[in-house]
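J.: Quick one: this structure, given as structure tokens, is what I'll be asking you about.
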Amino acid sequence: MLEALGLRKSYGMRAAVADVALTVRSGEVLGLLGPNGAGKSTTIGILSGLTTADAGTVRVNGVTLAGDPDDFKRRIGLVPQDLALFEDLTALANIELFGALYDMPKARLRERAVHVLDIVGLADRARDKPSTFSGGMKRRLNIACALVHDPDVLLLDEPTAGVDPQSRNAIFDNLEALKGQGKALVYTTHYMEEAERLADRIVIIDHGHVVASGTLTELYAALPAAQTLQVDVEGDIEIGVLASIPGVKRAQKSGERVTLAIDDLTRDGCGVLQALAAAGCKVRHISSDRGNLEDVFLALTGRQLRD
Amino acid sequence: MNAFIALVRKDLVLYFSNRRALLMSIAAPILIAAFFGSLFGNSDSKPAHINVAVTDLDRSELSGRVVAALRGEATFDVTEVGEADALAQVKAGKLAAAITVPAGFGKLAGSAMFGGTKPELVVHYDPSQAMALQVVRGLMAQHVMQTVSQSLMSASSPLLSDLRDRTLQSTSLPDQRRLELTQMFDSIAKVQSTSMPASAAPKAAAFTLPYVTREEPASARPETKYNSYSHSFAGMGVQFVLLMGVDLGVGLLLMRRMGLWKRLRAAPLSRGKLLGSRIASCALIALVVFAIVYAAAMAAFGVRIDGSVPGFIAVLVAFALLTGSFGLLIAAIGRTPEATRGLAILATLLMVMLGGAWVPSFIFPEWLQKLSLFVPTRWAVDGLDAMTWRGLPFHDALLPVAVMLGFAAVFTSLAIWRFDWEE
């Protein structure tokens with residue numbers, strides 16, 4: 001459906017995007033994950049034809065941006081990070097305006113406008129102005145405006161920025177419905193939870209480079225350990241002692257909290273507790289978690305995703 | 001074409017649903033043009049009175065007649081007060097001028113006409129009303145001259161007999177000269193006593209202006225009367241339509257800031273469609289605003305298109321396109337909406353000032369009049385003046401239209417060149 005190869009974009013000496021490649025198929029959500037300033041929005045800019053790449057090609061169902069820009073743009077729906085809405089036009093007028101930009105026939109335009117309002121759950125607010133909407137409703141209208149011309153690919157640039165959890169869930173439901181209809185979605189975010197919930201495949205991007213890509217399972221396999229064990233201890237223990245316990249892949253200490261990467265909680269957890277007891281430390285709290293995208297990013301870049 | 005129409009329609013809907021912008025674009029030019037129009041006055045309207053005080057320190061018959069003549073002058077609103085009081089009122093700005101007729105005026109004025117000592121009439125004036133001083137000086141000279149000469153030429157004039165006596169007694173005059181003057185005074189007395197009926201005696205002959213004037217407004221159609229509102233509505237219309245253009249230009253910058261411009265660019269639209277629709281919508285709004293402003297001018301202030309109606313429309317269309325391209329140029333060279341708005345308003349005000357929108361350009365110094373030919377608003381105002389109160393034919397609209405379209409083409413080219421597409 002959408003295929004991008006060797007995308008490069010520099011601003012002066014700074015490489016915003018360097019050799020980015022990605023593919024997203026029909027009925028699939030590709031998560032583009034990275035911290036702020038990683039190059040996600042520049043990538044979306046190139047994919048949507050807004051930003052001219054220094055190198056690389058983008059293709060949607062065989063149509064390239066360079067070959068037929070108009071046909072290419074008709075196949076793309078862009079949901080920008082900013083709320084691109086005319087506050088003084090009604091919701092319906094906003095959608096019809098953006099549809100008219102694609103030269104849609106009048107009757108078809110009205111039919112599609114009503115349909116997409118229904119998809120995003122705003123059918124009963126069609127005649128209201130966005131200035132009367134909540135943040136979440138505006139976000140949903142923003143998505144509807146990108147859907148009206150029935151694109152093959154939907155590019156969503158942080159579409160849940162600044163919305164409450166309830167609206168976020170509503171947006172996720174909308175996107176999952178679109179995925180079910182066979183749309184290809186590229187979803188940029190710096191929230192790992194969103195990528196974990198929505199994305200079939202994830203591309204992790206940092207400083208303009210793709211640092212990892214694959215399904216969640218494939219990405220977790222790259223982690224040094226399958227699980228993390230967090231123990232709040234009272235007393236002093238050398239971090240080297242913990243790191244030398246069989247089964248412990250990595251050990252970190254921050255204040256009273258010790259974080260350990262282990263593969264098997266049943267097998268390796270006992271060794272940790274025994275070592276703590278031997279050092280005369282008291283365990284005040286213990287918790288475990290499976291590895292997540294935050295850990296993947298940390299393992300790949302040495303930095304937190306939200307740095 | 002659908003997309004182009006949708007973009008234009010969107011701009012029109014957004015503009016005309018913004019009541020504040022509408023009020024600014026329509027009510028403001030009407031109100032200010034009405035004010036300026038009344039300020040500069042029509043040829044058939046009465047001039048405002050000039051408040052003048054007169055202090056008669058002489059208290060002679062002649063000074064009394066001078067004061068009476070000044071009182072009878074329609075241009076003046078004369079009050080008689082003491083000298084100190086008059087001066088205080090001038091200083092306070094309540095009077096434009098205060099005239100003091102000095103003691104001895106009656107005695108000296110007549111002989112002063114024949115080279116004797118001249119009495120000094122003091123005129124204190126308000127420096128903020130310096131133009132009124134010119135009027136006071138001129139009318140005072142006229143009335144004093146008429147009154148003194150009338151008094152001098154009266155048969156029973158004590159002034160005349162006093163002059164005759166002083167001439168006879170003068171030792172400095174040569175005999176021949178003394179004789180001639182005495183004969184002249186006798187002749188005047190004789191003429192006045194024999195030729196004037198008793199009823200006409202008070203209206204003795206006097207020195208008056210040796211000409212009368214016939215003043216006719218020179219416009220293309222003799223039946224056309226100058227209407228000062230025509231010029232003020234042209235000027236204020238141009239000013240506020242240009243300010244509307246600034247608003248639309250700044251609006252484009254706001255669209256960029258809000259991400260709307262990016263969203264529009266994601267659609268399969270050419271640069272020509274995107275920018276052209278902006279110029280088209282701005283020009284259409286300008287035409288609608290001008291139409292409403294001129295409708296009000298015609299209905300309430302008697303403004304008429306005495307020249308060519310097609311020429312008037314052509315000037316408006318050319319100026320509307322100029323406004324659209326000006327707005328686009330603002331959006332192209334501006335960075336932030338806030339800073340751009342301030343600079344663009346300053347540029348607009350300079351253009352309308354130099355274009356003669358506030359005061360007619362003919363009162364500018366010559367160098368400024370030449371400079372203003374490089375300002376597009378000058379051509380807009382001149383074109384509208386030509387087609388309204390000057391009553392000129394269509395071909396006189398062609399040069400202003402061509403110049404404005406030329407400016408529009410330059411502005412559009414600059415805007416396209418400078419426009420930052422990638423942001």
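Each chain in the structure tokens gets a letter, A, B and so on, in the order shown; residues start at 1 in every chain, and ligands are counted from 1 in the order they appear.
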So which residues touch A:Gly62 within 10 Å, counting only C-alpha atoms, skipping near sequence neighbours fewer than 5 positions away, as a PyMOL selection string?
T.: chain A and resi 1-3+67+72
J.: Using only C-alpha atoms, find the residues of chain B whose closest atom to chain A is at most 12 Å away, then write them as a PyMOL selection string.
T.: chain B and resi 1-19+251+254-270+273-274+277+420-423
J.: Could you save the residues just selected, with C-alpha atoms, as a compact mmCIF listing (two decimals), in the first residue's frame?
T.:
```
# COMPACT_ATOMS: atom_id res chain seq x y z
CA MET B 1 -12.43 24.53 -10.35
CA ASN B 2 -14.46 23.08 -7.48
CA ALA B 3 -11.51 23.47 -5.15
CA PHE B 4 -10.88 27.07 -6.25
CA ILE B 5 -14.53 28.03 -5.70
CA ALA B 6 -14.59 26.21 -2.35
CA LEU B 7 -11.53 28.14 -1.15
CA VAL B 8 -12.96 31.49 -2.26
CA ARG B 9 -16.34 30.66 -0.76
CA LYS B 10 -14.69 29.71 2.51
CA ASP B 11 -12.89 33.08 2.72
CA LEU B 12 -16.09 34.97 1.95
CA VAL B 13 -18.12 33.06 4.53
CA LEU B 14 -15.45 33.51 7.18
CA TYR B 15 -15.06 37.23 6.46
CA PHE B 16 -18.72 38.10 6.35
CA SER B 17 -19.49 36.09 9.45
CA ASN B 18 -16.95 38.14 11.38
CA ARG B 19 -19.02 41.07 12.58
CA GLY B 251 -5.04 35.74 8.36
CA LEU B 254 -2.40 32.74 11.26
CA MET B 255 -3.52 29.82 9.09
CA ARG B 256 0.10 28.79 8.78
CA ARG B 257 0.59 29.01 12.51
CA MET B 258 -2.53 26.93 13.16
CA GLY B 259 -1.50 24.23 10.68
CA LEU B 260 -4.42 24.98 8.36
CA TRP B 261 -2.16 26.03 5.53
CA LYS B 262 -0.28 22.75 5.82
CA ARG B 263 -3.57 20.89 5.66
CA LEU B 264 -4.62 22.78 2.52
CA ARG B 265 -1.27 22.03 0.93
CA ALA B 266 -1.73 18.33 1.58
CA ALA B 267 -4.59 18.43 -0.94
CA PRO B 268 -3.88 18.16 -4.67
CA LEU B 269 -3.91 21.92 -5.22
CA SER B 270 -1.49 23.88 -7.36
CA LYS B 273 -5.05 27.69 -7.06
CA LEU B 274 -4.01 28.23 -3.46
CA SER B 277 -8.06 31.84 -4.63
CA ASP B 420 7.82 29.99 1.95
CA TRP B 421 6.12 26.78 0.79
CA GLU B 422 8.01 24.34 2.94
CA GLU B 423 7.66 26.31 6.18
```
J.: Could you check how far atom CA of B:Gly327 sits from atom CA of B:Leu22, in Å to one decimal?
T.: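 Between atom CA of B:Gly327 and atom CA of B:Leu22 the gap is 16.9 Å.
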J.: Which residues are near B:Ala98? Cut-off 10 Å, only C-alpha atoms, ignore same chain within fewer than 4 positions. Put them as a VMD selection string.
T.: chain B and resid 51 to 55 78 to 90 122 to 126 136
J.: Could you list, as JSON, numbers by chain, every residue within 12 Å of A:Ala18, counting only C-alpha atoms and ignoring same-chain residues fewer than 6 positions away?
T.: {"A": [5, 6, 7, 8, 9, 10, 11, 38, 39, 40, 42, 43, 53, 54, 55, 56, 205, 206, 207, 208, 209, 210, 211]}
J.: May I have the residues from that selection written out with C-alpha atoms, as a compact mmCIF listing (two decimals), in the first residue's frame?
T.:
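Here's the written file out.txt:
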```txt
# COMPACT_ATOMS: atom_id res chain seq x y z
CA LEU A 5 12.60 4.01 0.69
CA GLY A 6 15.80 5.88 1.53
CA LEU A 7 14.13 9.06 2.75
CA ARG A 8 16.57 11.83 3.62
CA LYS A 9 15.99 15.40 4.66
CA SER A 10 18.50 17.84 6.11
CA TYR A 11 18.10 21.39 7.34
CA ALA A 38 13.24 12.44 16.50
CA GLY A 39 12.10 13.18 12.92
CA LYS A 40 8.58 11.73 13.03
CA THR A 42 9.39 15.43 9.08
CA THR A 43 8.82 11.86 7.94
CA ALA A 53 12.86 15.02 0.54
CA ASP A 54 16.51 15.43 -0.38
CA ALA A 55 16.50 11.78 -1.46
CA GLY A 56 14.25 8.74 -1.46
CA ILE A 205 13.05 6.48 15.13
CA ASP A 206 15.68 8.58 16.88
CA HIS A 207 17.74 11.51 15.58
CA GLY A 208 16.26 10.89 12.15
CA HIS A 209 17.42 7.27 11.99
CA VAL A 210 15.34 4.11 12.21
CA VAL A 211 16.81 2.32 15.22
```
J.: Excluding B:Ala331 and any residue of its chain fewer than 2 positions from it, enumerate the residues within 6 Å of it, using only C-alpha atoms, and give them as a PyMOL selection string.
T.: chain B and resi 249+253+328-329+333-334
J.: Keeping C-alpha atoms, export the residues of the selection given above as a PDB file, in the first residue's frame.
T.:
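Saved as part.pdb:
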```pdb
ATOM      1  CA  GLY B 249      -2.733  38.658   4.652  1.00  0.00           C
ATOM      2  CA  LEU B 253      -0.039  33.824   8.481  1.00  0.00           C
ATOM      3  CA  LEU B 328      -0.645  38.131  -0.400  1.00  0.00           C
ATOM      4  CA  LEU B 329       2.644  40.037  -0.361  1.00  0.00           C
ATOM      5  CA  ILE B 333       7.179  38.485   3.549  1.00  0.00           C
ATOM      6  CA  GLY B 334       5.705  38.400   7.058  1.00  0.00           C
TER       7      GLY B 334
END
```
J.: Extract the full set of strand (DSSP E) residues from stretch 139-292 of chain A according to DSSP on the backbone, and format it as number ranges by chain.
T.: A: 153-157, 184-189, 201-206, 209-214, 227-234, 248-254, 257-262, 282-290
J.: Compile the contact shell of A:Ala184 as JSON, numbers by chain: residues with an atom at most 9 Å away, counting only C-alpha atoms, same-chain residues fewer than 3 positions apart removed.
T.: {"A": [1, 2, 24, 25, 26, 27, 28, 29, 30, 152, 153, 154, 155, 178, 179]}
J.: Only C-alpha atoms, please: the residues just picked out, written as a PDB file, in the first residue's frame.
T.:
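Output below, filename out20.pdb:
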```pdb
ATOM      1  CA  MET A   1       0.000   0.000   0.000  1.00  0.00           C
ATOM      2  CA  LEU A   2       2.533   2.668   1.175  1.00  0.00           C
ATOM      3  CA  VAL A  24       2.513  -0.234   5.617  1.00  0.00           C
ATOM      4  CA  ARG A  25      -0.055  -2.550   4.126  1.00  0.00           C
ATOM      5  CA  SER A  26      -3.819  -2.363   3.758  1.00  0.00           C
ATOM      6  CA  GLY A  27      -5.614  -3.003   7.077  1.00  0.00           C
ATOM      7  CA  GLU A  28      -2.435  -2.418   9.043  1.00  0.00           C
ATOM      8  CA  VAL A  29      -1.358   0.209  11.573  1.00  0.00           C
ATOM      9  CA  LEU A  30       2.274   1.206  11.520  1.00  0.00           C
ATOM     10  CA  ASP A 152      -6.111   4.593   0.936  1.00  0.00           C
ATOM     11  CA  VAL A 153      -3.569   5.699   3.524  1.00  0.00           C
ATOM     12  CA  LEU A 154      -4.155   7.783   6.614  1.00  0.00           C
ATOM     13  CA  LEU A 155      -1.171   9.618   8.102  1.00  0.00           C
ATOM     14  CA  LEU A 178     -10.782   2.238   9.878  1.00  0.00           C
ATOM     15  CA  LYS A 179      -8.165  -0.470  10.044  1.00  0.00           C
TER      16      LYS A 179
END
```
J.: Would you mind listing what lies within 8 Å of B:Lys118 as a ChimeraX atom specification, with only C-alpha atoms counted and same-chain residues fewer than 6 positions away left out?
T.: /B:108-109,112
J.: In Å, how far is it from atom CA of A:Asp268 to atom CA of A:Ile245?
T.: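 Separation between atom CA of A:Asp268 and atom CA of A:Ile245: 8.3 Å.
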J.: Among stretch 220-270 of chain A, which ones does DSSP assign to alpha helix (DSSP H) (computed from the backbone)? Answer as a PyMOL selection string.
T.: chain A and resi 220-221+239-243+265-270
